[in-house]
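Next comes upload_23.cif, with mmCIF, N, CA and C atoms and all ligand atoms.
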```cif
data_run
loop_
_atom_site.group_PDB
_atom_site.id
_atom_site.type_symbol
_atom_site.label_atom_id
_atom_site.label_comp_id
_atom_site.auth_asym_id
_atom_site.auth_seq_id
_atom_site.Cartn_x
_atom_site.Cartn_y
_atom_site.Cartn_z
ATOM 1 N N MET Y 1 238.993 157.540 186.064
ATOM 2 C CA MET Y 1 239.016 156.118 186.447
ATOM 3 C C MET Y 1 237.738 155.726 187.195
ATOM 4 N N ALA Y 2 237.314 156.679 188.040
ATOM 5 C CA ALA Y 2 236.128 156.373 188.821
ATOM 6 C C ALA Y 2 234.929 156.172 187.913
ATOM 7 N N THR Y 3 234.847 157.004 186.867
ATOM 8 C CA THR Y 3 233.716 156.883 185.951
ATOM 9 C C THR Y 3 233.770 155.553 185.207
ATOM 10 N N ASP Y 4 234.953 155.232 184.709
ATOM 11 C CA ASP Y 4 235.076 153.947 184.010
ATOM 12 C C ASP Y 4 234.712 152.786 184.936
ATOM 13 N N TYR Y 5 235.207 152.899 186.140
ATOM 14 C CA TYR Y 5 234.938 151.817 187.101
ATOM 15 C C TYR Y 5 233.430 151.664 187.319
ATOM 16 N N ASP Y 6 232.734 152.837 187.467
ATOM 17 C CA ASP Y 6 231.292 152.762 187.664
ATOM 18 C C ASP Y 6 230.602 152.157 186.456
ATOM 19 N N GLU Y 7 231.083 152.553 185.241
ATOM 20 C CA GLU Y 7 230.419 152.016 184.053
ATOM 21 C C GLU Y 7 230.580 150.500 183.973
ATOM 22 N N VAL Y 8 231.836 150.093 184.178
ATOM 23 C CA VAL Y 8 232.063 148.641 184.111
ATOM 24 C C VAL Y 8 231.215 147.932 185.159
ATOM 25 N N ARG Y 9 231.187 148.544 186.334
ATOM 26 C CA ARG Y 9 230.473 147.899 187.416
ATOM 27 C C ARG Y 9 228.968 147.846 187.137
ATOM 28 N N SER Y 10 228.432 148.963 186.566
ATOM 29 C CA SER Y 10 226.999 148.952 186.256
ATOM 30 C C SER Y 10 226.713 147.951 185.149
ATOM 31 N N ASP Y 11 227.654 147.831 184.185
ATOM 32 C CA ASP Y 11 227.430 146.836 183.134
ATOM 33 C C ASP Y 11 227.402 145.432 183.738
ATOM 34 N N VAL Y 12 228.354 145.201 184.583
ATOM 35 C CA VAL Y 12 228.402 143.864 185.202
ATOM 36 C C VAL Y 12 227.141 143.623 186.021
ATOM 37 N N LYS Y 13 226.764 144.686 186.761
ATOM 38 C CA LYS Y 13 225.571 144.531 187.591
ATOM 39 C C LYS Y 13 224.329 144.266 186.730
ATOM 40 N N GLU Y 14 224.275 145.013 185.584
ATOM 41 C CA GLU Y 14 223.107 144.839 184.726
ATOM 42 C C GLU Y 14 223.064 143.423 184.151
ATOM 43 N N SER Y 15 224.243 142.951 183.710
ATOM 44 C CA SER Y 15 224.260 141.605 183.146
ATOM 45 C C SER Y 15 223.935 140.581 184.222
ATOM 46 N N GLN Y 16 224.389 140.870 185.422
ATOM 47 C CA GLN Y 16 224.051 139.946 186.511
ATOM 48 C C GLN Y 16 222.543 139.965 186.774
ATOM 49 N N ASP Y 17 221.971 141.200 186.759
ATOM 50 C CA ASP Y 17 220.528 141.296 186.969
ATOM 51 C C ASP Y 17 219.782 140.561 185.864
ATOM 52 N N ASN Y 18 220.245 140.778 184.605
ATOM 53 C CA ASN Y 18 219.557 140.126 183.500
ATOM 54 C C ASN Y 18 219.617 138.598 183.639
ATOM 55 N N SER Y 19 220.809 138.119 183.934
ATOM 56 C CA SER Y 19 220.932 136.668 184.047
ATOM 57 C C SER Y 19 220.118 136.158 185.236
ATOM 58 N N LEU Y 20 220.086 136.966 186.296
ATOM 59 C CA LEU Y 20 219.311 136.558 187.468
ATOM 60 C C LEU Y 20 217.811 136.530 187.143
ATOM 61 N N GLU Y 21 217.392 137.589 186.377
ATOM 62 C CA GLU Y 21 215.980 137.606 185.992
ATOM 63 C C GLU Y 21 215.647 136.411 185.115
ATOM 64 N N ALA Y 22 216.570 136.144 184.142
ATOM 65 C CA ALA Y 22 216.329 135.012 183.256
ATOM 66 C C ALA Y 22 216.265 133.722 184.078
ATOM 67 N N LEU Y 23 217.145 133.629 185.019
ATOM 68 C CA LEU Y 23 217.179 132.444 185.864
ATOM 69 C C LEU Y 23 215.889 132.319 186.669
ATOM 70 N N GLN Y 24 215.461 133.460 187.237
ATOM 71 C CA GLN Y 24 214.257 133.428 188.063
ATOM 72 C C GLN Y 24 213.024 133.109 187.231
ATOM 73 N N SER Y 25 212.932 133.792 186.033
ATOM 74 C CA SER Y 25 211.745 133.559 185.214
ATOM 75 C C SER Y 25 211.737 132.133 184.688
ATOM 76 N N ALA Y 26 212.918 131.571 184.459
ATOM 77 C CA ALA Y 26 212.976 130.198 183.953
ATOM 78 C C ALA Y 26 212.685 129.204 185.069
ATOM 79 N N ASN Y 27 213.165 129.509 186.244
ATOM 80 C CA ASN Y 27 213.028 128.539 187.336
ATOM 81 C C ASN Y 27 211.785 128.761 188.192
ATOM 82 N N ALA Y 28 211.220 129.968 188.114
ATOM 83 C CA ALA Y 28 210.139 130.295 189.038
ATOM 84 C C ALA Y 28 208.996 129.279 188.985
ATOM 85 N N PRO Y 29 208.484 128.918 187.803
ATOM 86 C CA PRO Y 29 207.356 127.977 187.802
ATOM 87 C C PRO Y 29 207.730 126.645 188.434
ATOM 88 N N ASP Y 30 208.900 126.109 188.043
ATOM 89 C CA ASP Y 30 209.305 124.832 188.628
ATOM 90 C C ASP Y 30 209.495 124.958 190.123
ATOM 91 N N ALA Y 31 210.178 126.066 190.510
ATOM 92 C CA ALA Y 31 210.440 126.228 191.939
ATOM 93 C C ALA Y 31 209.124 126.311 192.700
ATOM 94 N N ARG Y 32 208.162 127.047 192.142
ATOM 95 C CA ARG Y 32 206.890 127.167 192.854
ATOM 96 C C ARG Y 32 206.187 125.818 192.940
ATOM 97 N N SER Y 33 206.208 125.067 191.844
ATOM 98 C CA SER Y 33 205.514 123.778 191.881
ATOM 99 C C SER Y 33 206.205 122.829 192.845
ATOM 100 N N VAL Y 34 207.530 122.907 192.887
ATOM 101 C CA VAL Y 34 208.252 122.041 193.833
ATOM 102 C C VAL Y 34 207.877 122.412 195.250
ATOM 103 N N VAL Y 35 207.853 123.735 195.521
ATOM 104 C CA VAL Y 35 207.501 124.177 196.870
ATOM 105 C C VAL Y 35 206.084 123.739 197.201
ATOM 106 N N ARG Y 36 205.185 123.849 196.208
ATOM 107 C CA ARG Y 36 203.801 123.471 196.464
ATOM 108 C C ARG Y 36 203.712 121.972 196.767
ATOM 109 N N GLU Y 37 204.466 121.168 195.996
ATOM 110 C CA GLU Y 37 204.430 119.725 196.249
ATOM 111 C C GLU Y 37 204.966 119.396 197.630
ATOM 112 N N LEU Y 38 206.044 120.104 198.007
ATOM 113 C CA LEU Y 38 206.612 119.859 199.333
ATOM 114 C C LEU Y 38 205.598 120.231 200.399
ATOM 115 N N ASP Y 39 204.916 121.386 200.201
ATOM 116 C CA ASP Y 39 203.919 121.790 201.188
ATOM 117 C C ASP Y 39 202.816 120.747 201.288
ATOM 118 N N GLU Y 40 202.380 120.236 200.142
ATOM 119 C CA GLU Y 40 201.315 119.241 200.172
ATOM 120 C C GLU Y 40 201.794 117.964 200.844
ATOM 121 N N ALA Y 41 203.036 117.588 200.554
ATOM 122 C CA ALA Y 41 203.574 116.381 201.191
ATOM 123 C C ALA Y 41 203.635 116.564 202.693
ATOM 124 N N ASP Y 42 204.090 117.748 203.128
ATOM 125 C CA ASP Y 42 204.150 117.998 204.569
ATOM 126 C C ASP Y 42 202.754 117.946 205.161
ATOM 127 N N ALA Y 43 201.791 118.553 204.461
ATOM 128 C CA ALA Y 43 200.422 118.566 204.991
ATOM 129 C C ALA Y 43 199.897 117.141 205.086
ATOM 130 N N MET Y 44 200.208 116.301 204.090
ATOM 131 C CA MET Y 44 199.728 114.928 204.127
ATOM 132 C C MET Y 44 200.391 114.170 205.277
ATOM 133 N N ASP Y 45 201.693 114.396 205.454
ATOM 134 C CA ASP Y 45 202.368 113.722 206.563
ATOM 135 C C ASP Y 45 201.723 114.103 207.882
ATOM 136 N N GLU Y 46 201.455 115.401 208.033
ATOM 137 C CA GLU Y 46 200.895 115.845 209.308
ATOM 138 C C GLU Y 46 199.523 115.237 209.556
ATOM 139 N N SER Y 47 198.746 115.048 208.455
ATOM 140 C CA SER Y 47 197.408 114.506 208.655
ATOM 141 C C SER Y 47 197.458 112.992 208.813
ATOM 142 N N ILE Y 48 198.445 112.355 208.215
ATOM 143 C CA ILE Y 48 198.495 110.888 208.275
ATOM 144 C C ILE Y 48 199.073 110.420 209.612
ATOM 145 N N VAL Y 49 200.160 111.038 210.037
ATOM 146 C CA VAL Y 49 200.846 110.531 211.239
ATOM 147 C C VAL Y 49 199.956 110.589 212.476
ATOM 148 N N PRO Y 50 199.346 111.745 212.777
ATOM 149 C CA PRO Y 50 198.490 111.760 213.979
ATOM 150 C C PRO Y 50 197.318 110.810 213.840
ATOM 151 N N GLY Y 51 196.759 110.716 212.619
ATOM 152 C CA GLY Y 51 195.632 109.805 212.422
ATOM 153 C C GLY Y 51 196.055 108.366 212.651
ATOM 154 N N GLY Y 52 197.245 108.001 212.120
ATOM 155 C CA GLY Y 52 197.718 106.640 212.315
ATOM 156 C C GLY Y 52 197.931 106.332 213.781
ATOM 157 N N GLU Y 53 198.521 107.281 214.504
ATOM 158 C CA GLU Y 53 198.733 107.073 215.934
ATOM 159 C C GLU Y 53 197.396 106.940 216.646
ATOM 160 N N PHE Y 54 196.428 107.775 216.241
ATOM 161 C CA PHE Y 54 195.114 107.739 216.893
ATOM 162 C C PHE Y 54 194.453 106.392 216.663
ATOM 163 N N VAL Y 55 194.531 105.889 215.423
ATOM 164 C CA VAL Y 55 193.923 104.595 215.124
ATOM 165 C C VAL Y 55 194.610 103.500 215.922
ATOM 166 N N ALA Y 56 195.939 103.556 216.008
ATOM 167 C CA ALA Y 56 196.671 102.537 216.757
ATOM 168 C C ALA Y 56 196.250 102.561 218.218
ATOM 169 N N GLU Y 57 196.148 103.749 218.810
ATOM 170 C CA GLU Y 57 195.730 103.841 220.210
ATOM 171 C C GLU Y 57 194.320 103.290 220.379
ATOM 172 N N GLU Y 58 193.443 103.609 219.411
ATOM 173 C CA GLU Y 58 192.059 103.177 219.529
ATOM 174 C C GLU Y 58 191.970 101.650 219.463
ATOM 175 N N LEU Y 59 192.800 101.032 218.617
ATOM 176 C CA LEU Y 59 192.782 99.583 218.526
ATOM 177 C C LEU Y 59 193.189 98.962 219.853
ATOM 178 N N VAL Y 60 194.219 99.507 220.490
ATOM 179 C CA VAL Y 60 194.668 98.975 221.778
ATOM 180 C C VAL Y 60 193.566 99.130 222.810
ATOM 181 N N VAL Y 61 192.942 100.324 222.819
ATOM 182 C CA VAL Y 61 191.899 100.587 223.810
ATOM 183 C C VAL Y 61 190.716 99.658 223.597
ATOM 184 N N GLN Y 62 190.392 99.364 222.350
ATOM 185 C CA GLN Y 62 189.214 98.546 222.079
ATOM 186 C C GLN Y 62 189.427 97.101 222.510
ATOM 187 N N VAL Y 63 190.654 96.623 222.499
ATOM 188 C CA VAL Y 63 190.903 95.228 222.866
ATOM 189 C C VAL Y 63 190.750 95.032 224.372
ATOM 190 N N VAL Y 64 191.200 96.014 225.163
ATOM 191 C CA VAL Y 64 191.252 95.835 226.616
ATOM 192 C C VAL Y 64 189.872 95.841 227.270
ATOM 193 N N PRO Y 65 189.043 96.863 227.042
ATOM 194 C CA PRO Y 65 187.770 96.906 227.770
ATOM 195 C C PRO Y 65 186.881 95.728 227.407
ATOM 196 N N GLN Y 66 186.101 95.310 228.355
ATOM 197 C CA GLN Y 66 185.232 94.168 228.132
ATOM 198 C C GLN Y 66 183.905 94.477 228.808
ATOM 199 N N ALA Y 67 182.854 94.447 228.039
ATOM 200 C CA ALA Y 67 181.548 94.745 228.607
ATOM 201 C C ALA Y 67 181.165 93.664 229.614
ATOM 202 N N GLU Y 68 180.242 94.010 230.515
ATOM 203 C CA GLU Y 68 179.895 93.051 231.565
ATOM 204 C C GLU Y 68 179.194 91.825 231.013
ATOM 205 N N ASP Y 69 178.565 91.983 229.860
ATOM 206 C CA ASP Y 69 177.884 90.827 229.279
ATOM 207 C C ASP Y 69 178.774 90.115 228.262
ATOM 208 N N GLU Y 70 180.079 90.376 228.337
ATOM 209 C CA GLU Y 70 181.006 89.712 227.422
ATOM 210 C C GLU Y 70 182.059 88.960 228.220
ATOM 211 N N PHE Y 71 182.717 88.053 227.569
ATOM 212 C CA PHE Y 71 183.818 87.335 228.207
ATOM 213 C C PHE Y 71 184.889 87.094 227.158
ATOM 214 N N THR Y 72 186.094 86.831 227.614
ATOM 215 C CA THR Y 72 187.184 86.501 226.695
ATOM 216 C C THR Y 72 187.441 85.009 226.776
ATOM 217 N N CYS Y 73 187.283 84.362 225.667
ATOM 218 C CA CYS Y 73 187.510 82.926 225.627
ATOM 219 C C CYS Y 73 188.978 82.646 225.958
ATOM 220 N N TYR Y 74 189.194 81.703 226.890
ATOM 221 C CA TYR Y 74 190.564 81.424 227.305
ATOM 222 C C TYR Y 74 191.278 80.541 226.291
ATOM 223 N N SER Y 75 190.571 80.064 225.299
ATOM 224 C CA SER Y 75 191.191 79.210 224.288
ATOM 225 C C SER Y 75 191.545 80.005 223.030
ATOM 226 N N CYS Y 76 190.564 80.760 222.499
ATOM 227 C CA CYS Y 76 190.828 81.519 221.277
ATOM 228 C C CYS Y 76 191.052 83.003 221.574
ATOM 229 N N PHE Y 77 190.824 83.412 222.831
ATOM 230 C CA PHE Y 77 191.074 84.790 223.274
ATOM 231 C C PHE Y 77 190.236 85.810 222.513
ATOM 232 N N LEU Y 78 189.118 85.387 221.978
ATOM 233 C CA LEU Y 78 188.186 86.321 221.359
ATOM 234 C C LEU Y 78 187.166 86.760 222.404
ATOM 235 N N VAL Y 79 186.796 88.047 222.331
ATOM 236 C CA VAL Y 79 185.756 88.552 223.221
ATOM 237 C C VAL Y 79 184.409 88.173 222.635
ATOM 238 N N ARG Y 80 183.632 87.468 223.404
ATOM 239 C CA ARG Y 80 182.333 86.998 222.914
ATOM 240 C C ARG Y 80 181.250 87.348 223.922
ATOM 241 N N HIS Y 81 180.006 87.272 223.472
ATOM 242 C CA HIS Y 81 178.896 87.515 224.372
ATOM 243 C C HIS Y 81 178.767 86.341 225.349
ATOM 244 N N ARG Y 82 178.294 86.661 226.563
ATOM 245 C CA ARG Y 82 178.235 85.620 227.605
ATOM 246 C C ARG Y 82 177.335 84.453 227.202
ATOM 247 N N SER Y 83 176.420 84.718 226.308
ATOM 248 C CA SER Y 83 175.538 83.629 225.871
ATOM 249 C C SER Y 83 176.324 82.559 225.108
ATOM 250 N N GLN Y 84 177.557 82.885 224.724
ATOM 251 C CA GLN Y 84 178.359 81.925 223.956
ATOM 252 C C GLN Y 84 179.335 81.155 224.840
ATOM 253 N N ILE Y 85 179.212 81.328 226.163
ATOM 254 C CA ILE Y 85 180.069 80.538 227.047
ATOM 255 C C ILE Y 85 179.598 79.087 227.009
ATOM 256 N N ALA Y 86 180.472 78.211 226.652
ATOM 257 C CA ALA Y 86 180.117 76.799 226.633
ATOM 258 C C ALA Y 86 180.599 76.121 227.904
ATOM 259 N N ARG Y 87 181.696 76.628 228.496
ATOM 260 C CA ARG Y 87 182.241 75.970 229.681
ATOM 261 C C ARG Y 87 183.089 76.975 230.452
ATOM 262 N N GLU Y 88 183.060 76.877 231.739
ATOM 263 C CA GLU Y 88 183.951 77.683 232.569
ATOM 264 C C GLU Y 88 184.761 76.739 233.442
ATOM 265 N N LYS Y 89 186.045 76.925 233.459
ATOM 266 C CA LYS Y 89 186.916 76.010 234.193
ATOM 267 C C LYS Y 89 188.030 76.815 234.835
ATOM 268 N N ASN Y 90 188.210 76.683 236.139
ATOM 269 C CA ASN Y 90 189.261 77.384 236.873
ATOM 270 C C ASN Y 90 189.182 78.897 236.657
ATOM 271 N N GLY Y 91 187.954 79.400 236.541
ATOM 272 C CA GLY Y 91 187.772 80.835 236.362
ATOM 273 C C GLY Y 91 187.971 81.284 234.926
ATOM 274 N N HIS Y 92 188.236 80.362 234.038
ATOM 275 C CA HIS Y 92 188.412 80.737 232.643
ATOM 276 C C HIS Y 92 187.231 80.218 231.838
ATOM 277 N N ALA Y 93 186.767 81.075 230.951
ATOM 278 C CA ALA Y 93 185.607 80.706 230.145
ATOM 279 C C ALA Y 93 186.051 80.288 228.754
ATOM 280 N N TYR Y 94 185.280 79.341 228.216
ATOM 281 C CA TYR Y 94 185.574 78.871 226.875
ATOM 282 C C TYR Y 94 184.321 79.016 226.022
ATOM 283 N N CYS Y 95 184.503 79.462 224.795
ATOM 284 C CA CYS Y 95 183.346 79.730 223.949
ATOM 285 C C CYS Y 95 182.812 78.436 223.332
ATOM 286 N N ILE Y 96 181.614 78.557 222.794
ATOM 287 C CA ILE Y 96 180.974 77.374 222.230
ATOM 288 C C ILE Y 96 181.749 76.854 221.002
ATOM 289 N N GLU Y 97 182.430 77.726 220.316
ATOM 290 C CA GLU Y 97 183.178 77.263 219.137
ATOM 291 C C GLU Y 97 184.383 76.419 219.545
ATOM 292 N N CYS Y 98 185.055 76.826 220.632
ATOM 293 C CA CYS Y 98 186.221 76.069 221.077
ATOM 294 C C CYS Y 98 185.786 74.769 221.743
ATOM 295 N N GLU Y 99 184.608 74.805 222.399
ATOM 296 C CA GLU Y 99 184.149 73.609 223.103
ATOM 297 C C GLU Y 99 183.263 72.754 222.211
ATOM 298 N N GLY Y 100 182.752 73.348 221.142
ATOM 299 C CA GLY Y 100 181.802 72.626 220.285
ATOM 300 C C GLY Y 100 182.527 71.651 219.394
HETATM 301 ZN ZN ZN B 201 187.056 80.273 221.962
#
```

Give the structure from this file in structure tokens form.
Ligand SMILES: [Zn+2]
Amino acid sequence: MATDYDEVRSDVKESQDNSLEALQSANAPDARSVVRELDEADAMDESIVPGGEFVAEELVVQVVPQAEDEFTCYSCFLVRHRSQIAREKNGHAYCIECEG
């Protein structure tokens, strides 16, 4: 009985191995390409997200600082060179475009 059991079991195991090999050889290329695409997608996400955050931070930082020879128009709120001040009123400057 033990011998028969081993034979049946080895046959089953062999057929399982064969089907597994067939499955692996059939799926391996697709599986690899899927994994590769996922890896590339992850890599793109990692490169895009920090870059997007960095750009967003840089935009905020660029709006706030104001050079000493610049002013922010109190009407259009654009930062302009001081040579473009057309009027100053109550400590607020107005550019030549808003006053012109
Ligand atoms: Zn203005």

Exercise. With the file shown as input, list the residues that the PyMOL selection byres (((chain Y and resi 81) around 6) and not hetatm) selects, as a list in words.
Key: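 After applying the PyMOL selection byres (((chain Y and resi 81) around 6) and not hetatm), what remains is Asp69, Glu70, Phe71, Val79, Arg80, Arg82, Ser83, Gln84 and Ile85 of chain Y.
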
Could you make a table, as a Markdown table, of the residues of chain Y that have an atom within 7 Å of an atom of ligand ZN 201 (chain B), each with its nearest atom pair and distance in Å to one decimal, counting only N, CA and C atoms and all ligand atoms, in chain and number order?
```
| residue | atom | partner | partner_atom | distance |
| --- | --- | --- | --- | --- |
| Y:Thr72 | C | B:ZN201 | ZN | 6.8 |
| Y:Cys73 | CA | B:ZN201 | ZN | 4.5 |
| Y:Tyr74 | N | B:ZN201 | ZN | 5.6 |
| Y:Ser75 | C | B:ZN201 | ZN | 4.6 |
| Y:Cys76 | N | B:ZN201 | ZN | 3.6 |
| Y:Phe77 | N | B:ZN201 | ZN | 5.0 |
| Y:Leu78 | N | B:ZN201 | ZN | 5.5 |
| Y:Ala93 | C | B:ZN201 | ZN | 6.9 |
| Y:Tyr94 | C | B:ZN201 | ZN | 5.1 |
| Y:Cys95 | N | B:ZN201 | ZN | 3.9 |
| Y:Ile96 | N | B:ZN201 | ZN | 5.8 |
| Y:Glu97 | C | B:ZN201 | ZN | 5.3 |
| Y:Cys98 | N | B:ZN201 | ZN | 4.2 |
| Y:Glu99 | N | B:ZN201 | ZN | 6.0 |
```

Quiz item: So how many Å separate atom CA of Y:Glu88 and atom N of Y:Gly100, to one decimal?
Solution: 12.3 Å

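Separating atom C of Y:Ala22 from atom N of Y:Asp4 is a distance of 28.5 Å.
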
Around all of stretch 83-93 of chain Y's listed atoms, make the axis-aligned box with 8 Å on each side and tell me centre and edge lengths in Å to one decimal, as AutoDock Vina command-line options.
```
--center_x 182.4 --center_y 80.3 --center_z 230.4 --size_x 29.7 --size_y 24.7 --size_z 28.9
```
